[in-house]
Amino acid sequence: MNKPNIVILGAGYGGIITASRLSKQLGHNDANITLVNKHSYHYQTTWLHEPAAGTIPAEKARVPIKDVLDLNKVNFVQDTAVEIDRDAKKVILENGELEYDYLVIALGSVAETFGVPGVFEHAFSKWTVNGARQVKEHIEYMFATYNNLEEKKDELLTFIVAGAGFTGIEFVGELSKRVPELCATYDVPREKVKMYVIEAAPTALPGFDPELVEYAMNLLESRGVEFKINCPIKEVVKDGVILANGDEIKSNTVVWATGVRGPEIIEKSGFEAMRGRIKVESDLRAPGHEEIFVIGDCALIINEEINRPYPPTAQIAIQMAETCAHNLATLVKGGSELKNFKPEIKGTVASLGGKEAIGVVGTRKLFGSSASFMKKVIDNRSLFLIGGPGLLLKKGKNPL
């Protein structure tokens with residue numbers, strides 16, 4: 001009897017944990033497990049605001065795949081998936097193709113522009129390791145350039161963050177904490193630096209506890225951040241942004257953090273999707289496809305209590321991976337009783353730079369250093385789930 005081929009697309013939180021759990025739950029003779037990923041490493045997406053602002057090295061957020069997976073049990077293919085041929089049960093890669101009996105789509109997400117022109121041309125929108133490096137180097141170049149020009153240009157030191165959701169707030173938190181150090185290094189007067197957070201919704205951190213949002217905004221404003229709430233961006237241009245009300249803010253740095261959508265391959269492969277995300281069955285399979293599982297940011301799950309999709313978070317992706325691996329192992333071994341997936345939100349914490357953060361854990365609201373401690377504990381827990389105590393010792397953050 002032929003061993004089934006399990007192909008996992010993407011080594012984000014969902015993909016790498018699915019591969020890791022499957023390699024432990026299935027024996028050599030049960031299945032061929034193949035993981036496909038563009039890079040030779042997994043990266044901690046939830047950490048990227050730190051290297052982007054320059055407060056930790058980018059290397060800290062990278063986890064080599066060979067360090068966390070047994071490559072005798074998992075075949076790793078470094079390549080990019082281009083299309084899924086569902087009829088032929090094949091994945092077309094840039095450099096070949098793979099046949100599958102079971103497929104896991106865990107390809108993460110891309111920036112959502114909401115149709116605003118100029119985002120990809122003029123803003124920083126890639127939340128990847130290399131994207132974070134690019135933002136950091138660009139910010140430092142702006143500071144280095146300012147004093148070298150005959151005519152000082154304010155737009156060099158004007159930084160715009162589009163989006164006051166988690167990513168935008170965490171990034172501007174790190175940046176606002178680093179600005180005094182950058183000013184000292186490059187002999188720039190602190191008052192010359194302008195930081196804006198622009199949000200189309202009527203509040204920052206939509207859906208978050210209002211008391212915590214107020215704490216975050218007050219803290220960031222005390223560091224010089226200016227909020228423009230209920231203020232959509234109409235266009236991103238070469239030298240800044242044009243707002244819906246016609247105002248223009250001149251800036252050489254626009255960081256796009258307005259939310260995400262599923263990758264292009266989902267719609268290109270003919271799946272029915274909402275903003276590039278597949279509304280999955282309760283066992284995480286794609287509707288009409290008993291052999292295809294969809295997890296992480298590619299999957300859409302409705303929170304029945306509020307009739308809105310759950311946000312695409314690392315916490316949910318990790319939980320999906322555990323269920324997905326269990327269900328795949330069950331099918332491979334001939335079982336049919338699959339687990340239904342129900343997210344268990346243990347808490348949500350947003351860092352604000354330095355030892356400041358806000359969060360809700362269980363029913364408790366956390367502010368300041370206690371929230372910052374919890375944020376680092378959560379970051380360390382994800383490392384532990386991916387690579388055990390070895391990875392935690394190597395890459396972990398000191399919560400104190």
# chains A, B, ... in the order shown; residues from 1 in each chain; ligands from 1
$ select_by_dssp --residues "segment 125-228 of chain A" --states "strand (DSSP E)" --output "compact mmCIF listing (two decimals) with N, CA and C atoms, in the first residue's frame"
# COMPACT_ATOMS: atom_id res chain seq x y z
N THR A 158 9.47 62.93 9.36
CA THR A 158 8.03 62.72 9.60
C THR A 158 7.70 61.27 9.27
N PHE A 159 7.20 60.55 10.25
CA PHE A 159 6.94 59.11 10.10
C PHE A 159 5.44 58.86 10.24
N ILE A 160 4.86 58.25 9.22
CA ILE A 160 3.42 57.99 9.22
C ILE A 160 3.18 56.49 9.35
N VAL A 161 2.36 56.12 10.30
CA VAL A 161 1.90 54.73 10.42
C VAL A 161 0.43 54.70 10.02
N ALA A 162 0.12 53.96 8.96
CA ALA A 162 -1.26 53.84 8.50
C ALA A 162 -1.89 52.64 9.20
N LYS A 194 8.40 64.03 13.82
CA LYS A 194 6.93 63.95 13.90
C LYS A 194 6.52 62.50 13.62
N MET A 195 5.62 61.99 14.47
CA MET A 195 5.07 60.64 14.26
C MET A 195 3.55 60.72 14.23
N TYR A 196 2.96 60.19 13.17
CA TYR A 196 1.50 60.19 13.04
C TYR A 196 0.99 58.75 12.96
N VAL A 197 -0.12 58.50 13.61
CA VAL A 197 -0.86 57.25 13.40
C VAL A 197 -2.21 57.65 12.82
N ILE A 198 -2.51 57.13 11.63
CA ILE A 198 -3.73 57.52 10.92
C ILE A 198 -4.65 56.30 10.82
N GLU A 199 -5.87 56.44 11.29
CA GLU A 199 -6.82 55.32 11.37
C GLU A 199 -8.17 55.73 10.79
N VAL A 225 3.65 61.06 19.73
CA VAL A 225 2.85 60.48 18.64
C VAL A 225 1.55 61.27 18.51
N GLU A 226 1.19 61.62 17.29
CA GLU A 226 -0.08 62.32 17.05
C GLU A 226 -1.05 61.36 16.35
N PHE A 227 -2.24 61.23 16.90
CA PHE A 227 -3.25 60.34 16.33
C PHE A 227 -4.22 61.12 15.44
N LYS A 228 -4.53 60.53 14.29
CA LYS A 228 -5.61 61.05 13.44
C LYS A 228 -6.61 59.91 13.27
$ residues_around --residues "segment 107-114 of chain A" --least-positions-apart "5" --cutoff "8 Å" --atoms "only C-alpha atoms" --output "ChimeraX atom specification"
/A:9-12,15,119,125-126,256-263,296-298
$ write_last_selection --atoms "C-alpha atoms" --output "PDB file, in the first residue's frame"
ATOM      1  CA  LEU A   9       2.309  25.002   2.385  1.00  0.00           C
ATOM      2  CA  GLY A  10       3.943  27.661   4.567  1.00  0.00           C
ATOM      3  CA  ALA A  11       6.138  27.556   7.680  1.00  0.00           C
ATOM      4  CA  GLY A  12       4.430  30.268   9.706  1.00  0.00           C
ATOM      5  CA  GLY A  15       2.474  25.309   9.135  1.00  0.00           C
ATOM      6  CA  VAL A 119       0.402  51.556  -1.126  1.00  0.00           C
ATOM      7  CA  SER A 125       3.880  47.066   3.571  1.00  0.00           C
ATOM      8  CA  LYS A 126       5.861  43.829   3.900  1.00  0.00           C
ATOM      9  CA  TRP A 256       1.292  50.396   6.100  1.00  0.00           C
ATOM     10  CA  ALA A 257      -0.346  48.434   8.923  1.00  0.00           C
ATOM     11  CA  THR A 258      -4.081  48.502   8.181  1.00  0.00           C
ATOM     12  CA  GLY A 259      -4.747  44.779   8.327  1.00  0.00           C
ATOM     13  CA  VAL A 260      -4.258  41.685   6.201  1.00  0.00           C
ATOM     14  CA  ARG A 261      -5.947  39.491   3.611  1.00  0.00           C
ATOM     15  CA  GLY A 262      -5.241  35.975   2.383  1.00  0.00           C
ATOM     16  CA  PRO A 263      -2.583  35.425  -0.295  1.00  0.00           C
ATOM     17  CA  GLY A 296      -3.846  30.356  10.146  1.00  0.00           C
ATOM     18  CA  ASP A 297      -4.481  33.625   8.307  1.00  0.00           C
ATOM     19  CA  CYS A 298      -5.795  31.761   5.208  1.00  0.00           C
TER      20      CYS A 298
END
$ atom_distance --atom1 "atom CA of Ala325 of chain A" --atom2 "atom CA of Asp101 of chain A"
14.6 Å
$ select_by_dssp --residues "segment 36-254 of chain A" --states "helix (DSSP H, G or I)" --output "ChimeraX atom specification"
/A:45-47,49-53,58-61,65-68,119-122,129-146,154-157,166-185,190-192,210-222
$ closest_atom_pairs --of "segment 122-173 of chain A" --to "segment 61-70 of chain A" --cutoff "12 Å" --atoms "only C-alpha atoms" --output "CSV"
residue,atom,partner,partner_atom,distance
A:Trp127,CA,A:Ala61,CA,11.8
A:Thr128,CA,A:Ala61,CA,9.7
A:Val129,CA,A:Arg62,CA,7.4
A:Asn130,CA,A:Arg62,CA,10.4
A:Ala132,CA,A:Ala61,CA,10.2
A:Arg133,CA,A:Ala61,CA,11.2
$ atom_distance --atom1 "atom CA of Asn29 of chain A" --atom2 "atom CA of Pro389 of chain A"
28.1 Å
$ residues_around --residues "Glu248 of chain A" --least-positions-apart "5" --cutoff "12 Å" --atoms "only C-alpha atoms" --output "PDB file with N, CA, C and O atoms, in the first residue's frame"
ATOM      1  N   GLU A 155      10.050  66.501   6.009  1.00  0.00           N
ATOM      2  CA  GLU A 155       9.451  65.196   5.663  1.00  0.00           C
ATOM      3  C   GLU A 155      10.396  64.024   5.907  1.00  0.00           C
ATOM      4  O   GLU A 155       9.964  62.886   6.040  1.00  0.00           O
ATOM      5  N   ILE A 160       4.862  58.251   9.222  1.00  0.00           N
ATOM      6  CA  ILE A 160       3.421  57.989   9.217  1.00  0.00           C
ATOM      7  C   ILE A 160       3.184  56.489   9.350  1.00  0.00           C
ATOM      8  O   ILE A 160       3.751  55.686   8.596  1.00  0.00           O
ATOM      9  N   CYS A 231     -10.169  58.960  10.148  1.00  0.00           N
ATOM     10  CA  CYS A 231      -9.513  59.809   9.146  1.00  0.00           C
ATOM     11  C   CYS A 231      -8.916  58.922   8.046  1.00  0.00           C
ATOM     12  O   CYS A 231      -7.736  58.620   8.080  1.00  0.00           O
ATOM     13  N   PRO A 232      -9.740  58.483   7.081  1.00  0.00           N
ATOM     14  CA  PRO A 232      -9.231  57.564   6.057  1.00  0.00           C
ATOM     15  C   PRO A 232      -8.157  58.200   5.164  1.00  0.00           C
ATOM     16  O   PRO A 232      -8.161  59.414   4.941  1.00  0.00           O
ATOM     17  N   ILE A 233      -7.248  57.366   4.699  1.00  0.00           N
ATOM     18  CA  ILE A 233      -6.253  57.801   3.711  1.00  0.00           C
ATOM     19  C   ILE A 233      -6.832  57.573   2.319  1.00  0.00           C
ATOM     20  O   ILE A 233      -7.324  56.485   2.013  1.00  0.00           O
ATOM     21  N   LYS A 234      -6.768  58.608   1.479  1.00  0.00           N
ATOM     22  CA  LYS A 234      -7.314  58.491   0.115  1.00  0.00           C
ATOM     23  C   LYS A 234      -6.268  57.937  -0.843  1.00  0.00           C
ATOM     24  O   LYS A 234      -6.569  57.174  -1.744  1.00  0.00           O
ATOM     25  N   GLU A 235      -5.003  58.330  -0.618  1.00  0.00           N
ATOM     26  CA  GLU A 235      -3.940  57.888  -1.526  1.00  0.00           C
ATOM     27  C   GLU A 235      -2.591  58.020  -0.831  1.00  0.00           C
ATOM     28  O   GLU A 235      -2.364  58.926  -0.040  1.00  0.00           O
ATOM     29  N   VAL A 236      -1.695  57.067  -1.145  1.00  0.00           N
ATOM     30  CA  VAL A 236      -0.301  57.191  -0.714  1.00  0.00           C
ATOM     31  C   VAL A 236       0.480  57.689  -1.927  1.00  0.00           C
ATOM     32  O   VAL A 236       0.388  57.103  -3.009  1.00  0.00           O
ATOM     33  N   VAL A 237       1.212  58.788  -1.740  1.00  0.00           N
ATOM     34  CA  VAL A 237       1.975  59.359  -2.856  1.00  0.00           C
ATOM     35  C   VAL A 237       3.463  59.312  -2.521  1.00  0.00           C
ATOM     36  O   VAL A 237       3.847  58.928  -1.416  1.00  0.00           O
ATOM     37  N   LYS A 238       4.281  59.706  -3.487  1.00  0.00           N
ATOM     38  CA  LYS A 238       5.731  59.583  -3.329  1.00  0.00           C
ATOM     39  C   LYS A 238       6.232  60.317  -2.091  1.00  0.00           C
ATOM     40  O   LYS A 238       7.157  59.871  -1.426  1.00  0.00           O
ATOM     41  N   ASP A 239       5.606  61.464  -1.784  1.00  0.00           N
ATOM     42  CA  ASP A 239       6.126  62.264  -0.669  1.00  0.00           C
ATOM     43  C   ASP A 239       5.112  62.382   0.470  1.00  0.00           C
ATOM     44  O   ASP A 239       5.006  63.408   1.124  1.00  0.00           O
ATOM     45  N   GLY A 240       4.318  61.293   0.711  1.00  0.00           N
ATOM     46  CA  GLY A 240       3.421  61.307   1.864  1.00  0.00           C
ATOM     47  C   GLY A 240       2.063  60.702   1.588  1.00  0.00           C
ATOM     48  O   GLY A 240       1.938  59.766   0.789  1.00  0.00           O
ATOM     49  N   VAL A 241       1.039  61.218   2.260  1.00  0.00           N
ATOM     50  CA  VAL A 241      -0.322  60.689   2.087  1.00  0.00           C
ATOM     51  C   VAL A 241      -1.300  61.840   1.860  1.00  0.00           C
ATOM     52  O   VAL A 241      -1.104  62.949   2.346  1.00  0.00           O
ATOM     53  N   ILE A 242      -2.361  61.521   1.102  1.00  0.00           N
ATOM     54  CA  ILE A 242      -3.476  62.454   0.938  1.00  0.00           C
ATOM     55  C   ILE A 242      -4.652  61.846   1.694  1.00  0.00           C
ATOM     56  O   ILE A 242      -5.006  60.679   1.500  1.00  0.00           O
ATOM     57  N   LEU A 243      -5.239  62.626   2.593  1.00  0.00           N
ATOM     58  CA  LEU A 243      -6.343  62.142   3.416  1.00  0.00           C
ATOM     59  C   LEU A 243      -7.674  62.355   2.698  1.00  0.00           C
ATOM     60  O   LEU A 243      -7.764  63.145   1.752  1.00  0.00           O
TER      61      LEU A 243
END
$ closest_residue --among "A:Leu157, A:Leu220, A:Ile8, A:Val82" --to "Tyr100 of chain A" --atoms "only C-alpha atoms"
A:Ile8
$ residues_around --residues "segment 383-385 of chain A" --least-positions-apart "3" --cutoff "8 Å" --atoms "only C-alpha atoms" --output "PyMOL selection string"
chain A and resi 17+379-380+388-389+391-392+395-396
$ closest_residue --among "A:Glu170, A:Asp283, A:Glu290, A:Glu356" --to "Ala321 of chain A" --atoms "only C-alpha atoms"
A:Asp283
$ residues_around --residues "Ile295 of chain A" --least-positions-apart "4" --cutoff "7 Å" --atoms "only C-alpha atoms" --output "list in words"
Gly14, Ile105, Ala106, Leu284, Ala299, Ala317, Met320 and Ala321 of chain A
$ write_last_selection --atoms "all heavy atoms" --output "mmCIF file, in the first residue's frame"
data_model
loop_
_atom_site.group_PDB
_atom_site.id
_atom_site.type_symbol
_atom_site.label_atom_id
_atom_site.label_comp_id
_atom_site.auth_asym_id
_atom_site.auth_seq_id
_atom_site.Cartn_x
_atom_site.Cartn_y
_atom_site.Cartn_z
ATOM 1 N N GLY A 14 1.194 28.310 11.956
ATOM 2 C CA GLY A 14 0.329 27.164 11.658
ATOM 3 C C GLY A 14 1.070 26.027 10.984
ATOM 4 O O GLY A 14 0.997 24.868 11.406
ATOM 5 N N ILE A 105 -3.065 24.224 3.766
ATOM 6 C CA ILE A 105 -2.756 25.573 3.280
ATOM 7 C C ILE A 105 -2.558 26.472 4.497
ATOM 8 O O ILE A 105 -3.489 26.721 5.260
ATOM 9 C CB ILE A 105 -3.890 26.118 2.386
ATOM 10 C CG1 ILE A 105 -4.161 25.172 1.212
ATOM 11 C CG2 ILE A 105 -3.551 27.515 1.883
ATOM 12 C CD1 ILE A 105 -5.373 25.554 0.359
ATOM 13 N N ALA A 106 -1.304 26.908 4.677
ATOM 14 C CA ALA A 106 -0.963 27.731 5.847
ATOM 15 C C ALA A 106 -0.015 28.842 5.395
ATOM 16 O O ALA A 106 1.058 29.031 5.951
ATOM 17 C CB ALA A 106 -0.301 26.855 6.917
ATOM 18 N N LEU A 284 -11.793 22.275 10.111
ATOM 19 C CA LEU A 284 -10.738 23.039 9.429
ATOM 20 C C LEU A 284 -10.511 22.623 7.977
ATOM 21 O O LEU A 284 -9.515 23.015 7.366
ATOM 22 C CB LEU A 284 -9.397 22.980 10.205
ATOM 23 C CG LEU A 284 -9.440 23.551 11.619
ATOM 24 C CD1 LEU A 284 -8.105 23.385 12.327
ATOM 25 C CD2 LEU A 284 -9.829 25.024 11.591
ATOM 26 N N ALA A 299 -7.436 30.962 6.815
ATOM 27 C CA ALA A 299 -8.738 30.406 7.227
ATOM 28 C C ALA A 299 -9.614 31.494 7.843
ATOM 29 O O ALA A 299 -9.126 32.369 8.555
ATOM 30 C CB ALA A 299 -8.522 29.292 8.245
ATOM 31 N N ALA A 317 -3.694 30.613 15.164
ATOM 32 C CA ALA A 317 -2.981 29.767 14.196
ATOM 33 C C ALA A 317 -2.335 28.564 14.890
ATOM 34 O O ALA A 317 -2.378 27.430 14.382
ATOM 35 C CB ALA A 317 -1.919 30.586 13.464
ATOM 36 N N MET A 320 -5.051 26.123 15.833
ATOM 37 C CA MET A 320 -5.516 25.429 14.626
ATOM 38 C C MET A 320 -4.548 24.317 14.223
ATOM 39 O O MET A 320 -4.965 23.238 13.806
ATOM 40 C CB MET A 320 -5.616 26.418 13.453
ATOM 41 C CG MET A 320 -6.839 27.307 13.482
ATOM 42 S SD MET A 320 -6.723 28.411 12.052
ATOM 43 C CE MET A 320 -8.413 28.972 11.963
ATOM 44 N N ALA A 321 -3.256 24.610 14.332
ATOM 45 C CA ALA A 321 -2.239 23.626 13.939
ATOM 46 C C ALA A 321 -2.358 22.357 14.758
ATOM 47 O O ALA A 321 -2.241 21.238 14.222
ATOM 48 C CB ALA A 321 -0.848 24.234 14.091
#
$ residues_around --residues "Gly288 of chain A" --least-positions-apart "3" --cutoff "12 Å" --atoms "only C-alpha atoms" --output "tab-separated table (two decimals) with all heavy atoms, in the first residue's frame"
chain	number	residue	atom	x	y	z
A	86	ARG	N	-6.65	21.59	-7.84
A	86	ARG	CA	-7.45	20.75	-6.94
A	86	ARG	C	-7.91	19.47	-7.62
A	86	ARG	O	-8.05	18.44	-6.99
A	86	ARG	CB	-8.64	21.55	-6.41
A	86	ARG	CG	-8.23	22.73	-5.55
A	86	ARG	CD	-9.40	23.56	-5.11
A	86	ARG	NE	-10.03	24.27	-6.21
A	86	ARG	CZ	-11.23	24.82	-6.17
A	86	ARG	NH1	-11.95	24.72	-5.08
A	86	ARG	NH2	-11.73	25.47	-7.21
A	271	PHE	N	-10.62	28.82	-5.13
A	271	PHE	CA	-11.36	28.65	-3.87
A	271	PHE	C	-12.31	29.84	-3.68
A	271	PHE	O	-11.97	30.97	-4.03
A	271	PHE	CB	-10.41	28.61	-2.67
A	271	PHE	CG	-9.60	27.36	-2.57
A	271	PHE	CD1	-8.29	27.32	-3.06
A	271	PHE	CD2	-10.12	26.22	-1.99
A	271	PHE	CE1	-7.52	26.17	-2.96
A	271	PHE	CE2	-9.37	25.05	-1.89
A	271	PHE	CZ	-8.07	25.02	-2.38
A	272	GLU	N	-13.46	29.55	-3.10
A	272	GLU	CA	-14.36	30.64	-2.73
A	272	GLU	C	-13.80	31.28	-1.47
A	272	GLU	O	-13.49	30.59	-0.51
A	272	GLU	CB	-15.76	30.07	-2.46
A	272	GLU	CG	-16.83	31.13	-2.47
A	272	GLU	CD	-18.22	30.53	-2.30
A	272	GLU	OE1	-18.55	29.57	-3.02
A	272	GLU	OE2	-18.94	31.02	-1.43
A	278	ILE	N	-10.45	31.51	3.28
A	278	ILE	CA	-11.46	30.47	3.03
A	278	ILE	C	-12.25	30.22	4.32
A	278	ILE	O	-11.67	29.94	5.37
A	278	ILE	CB	-10.78	29.15	2.58
A	278	ILE	CG1	-10.03	29.38	1.25
A	278	ILE	CG2	-11.81	28.03	2.42
A	278	ILE	CD1	-9.12	28.24	0.86
A	279	LYS	N	-13.57	30.30	4.21
A	279	LYS	CA	-14.42	30.00	5.37
A	279	LYS	C	-14.44	28.49	5.55
A	279	LYS	O	-15.05	27.76	4.76
A	279	LYS	CB	-15.82	30.55	5.14
A	279	LYS	CG	-16.68	30.51	6.37
A	279	LYS	CD	-18.03	31.15	6.15
A	279	LYS	CE	-18.90	30.99	7.37
A	279	LYS	NZ	-20.26	31.45	7.16
A	280	VAL	N	-13.75	28.00	6.57
A	280	VAL	CA	-13.53	26.56	6.72
A	280	VAL	C	-14.67	25.88	7.47
A	280	VAL	O	-15.45	26.52	8.18
A	280	VAL	CB	-12.20	26.27	7.47
A	280	VAL	CG1	-11.01	26.65	6.61
A	280	VAL	CG2	-12.14	26.96	8.82
A	281	GLU	N	-14.74	24.56	7.28
A	281	GLU	CA	-15.68	23.74	8.05
A	281	GLU	C	-15.19	23.66	9.49
A	281	GLU	O	-14.06	24.04	9.80
A	281	GLU	CB	-15.77	22.32	7.45
A	281	GLU	CG	-16.15	22.28	5.98
A	281	GLU	CD	-17.62	22.59	5.71
A	281	GLU	OE1	-18.34	22.94	6.66
A	281	GLU	OE2	-18.03	22.51	4.55
A	284	LEU	N	-11.79	22.27	10.11
A	284	LEU	CA	-10.74	23.04	9.43
A	284	LEU	C	-10.51	22.62	7.98
A	284	LEU	O	-9.51	23.02	7.37
A	284	LEU	CB	-9.40	22.98	10.21
A	284	LEU	CG	-9.44	23.55	11.62
A	284	LEU	CD1	-8.11	23.39	12.33
A	284	LEU	CD2	-9.83	25.02	11.59
A	285	ARG	N	-11.45	21.84	7.41
A	285	ARG	CA	-11.30	21.51	5.99
A	285	ARG	C	-11.98	22.55	5.11
A	285	ARG	O	-12.94	23.22	5.53
A	285	ARG	CB	-11.86	20.11	5.72
A	285	ARG	CG	-10.95	19.03	6.31
A	285	ARG	CD	-11.29	17.65	5.87
A	285	ARG	NE	-12.42	17.09	6.58
A	285	ARG	CZ	-12.73	15.79	6.57
A	285	ARG	NH1	-11.98	14.93	5.90
A	285	ARG	NH2	-13.77	15.34	7.24
A	291	GLU	N	-9.87	16.48	1.59
A	291	GLU	CA	-8.42	16.27	1.69
A	291	GLU	C	-7.63	17.57	1.90
A	291	GLU	O	-6.42	17.55	2.01
A	291	GLU	CB	-7.90	15.54	0.44
A	291	GLU	CG	-7.80	16.37	-0.82
A	291	GLU	CD	-9.13	16.74	-1.46
A	291	GLU	OE1	-10.22	16.31	-0.99
A	291	GLU	OE2	-9.11	17.48	-2.45
A	292	ILE	N	-8.33	18.72	1.96
A	292	ILE	CA	-7.63	20.00	2.08
A	292	ILE	C	-7.99	20.69	3.40
A	292	ILE	O	-9.16	20.97	3.67
A	292	ILE	CB	-7.95	20.94	0.90
A	292	ILE	CG1	-7.52	20.32	-0.43
A	292	ILE	CG2	-7.28	22.30	1.09
A	292	ILE	CD1	-7.86	21.16	-1.67
A	293	PHE	N	-6.95	20.96	4.21
A	293	PHE	CA	-7.12	21.71	5.45
A	293	PHE	C	-6.58	23.13	5.24
A	293	PHE	O	-5.60	23.33	4.53
A	293	PHE	CB	-6.35	21.04	6.60
A	293	PHE	CG	-6.97	19.75	7.06
A	293	PHE	CD1	-6.73	18.56	6.39
A	293	PHE	CD2	-7.81	19.73	8.17
A	293	PHE	CE1	-7.31	17.37	6.81
A	293	PHE	CE2	-8.40	18.54	8.60
A	293	PHE	CZ	-8.15	17.36	7.92
$ atom_distance --atom1 "atom CA of Ala216 of chain A" --atom2 "atom CA of Pro180 of chain A"
19.0 Å
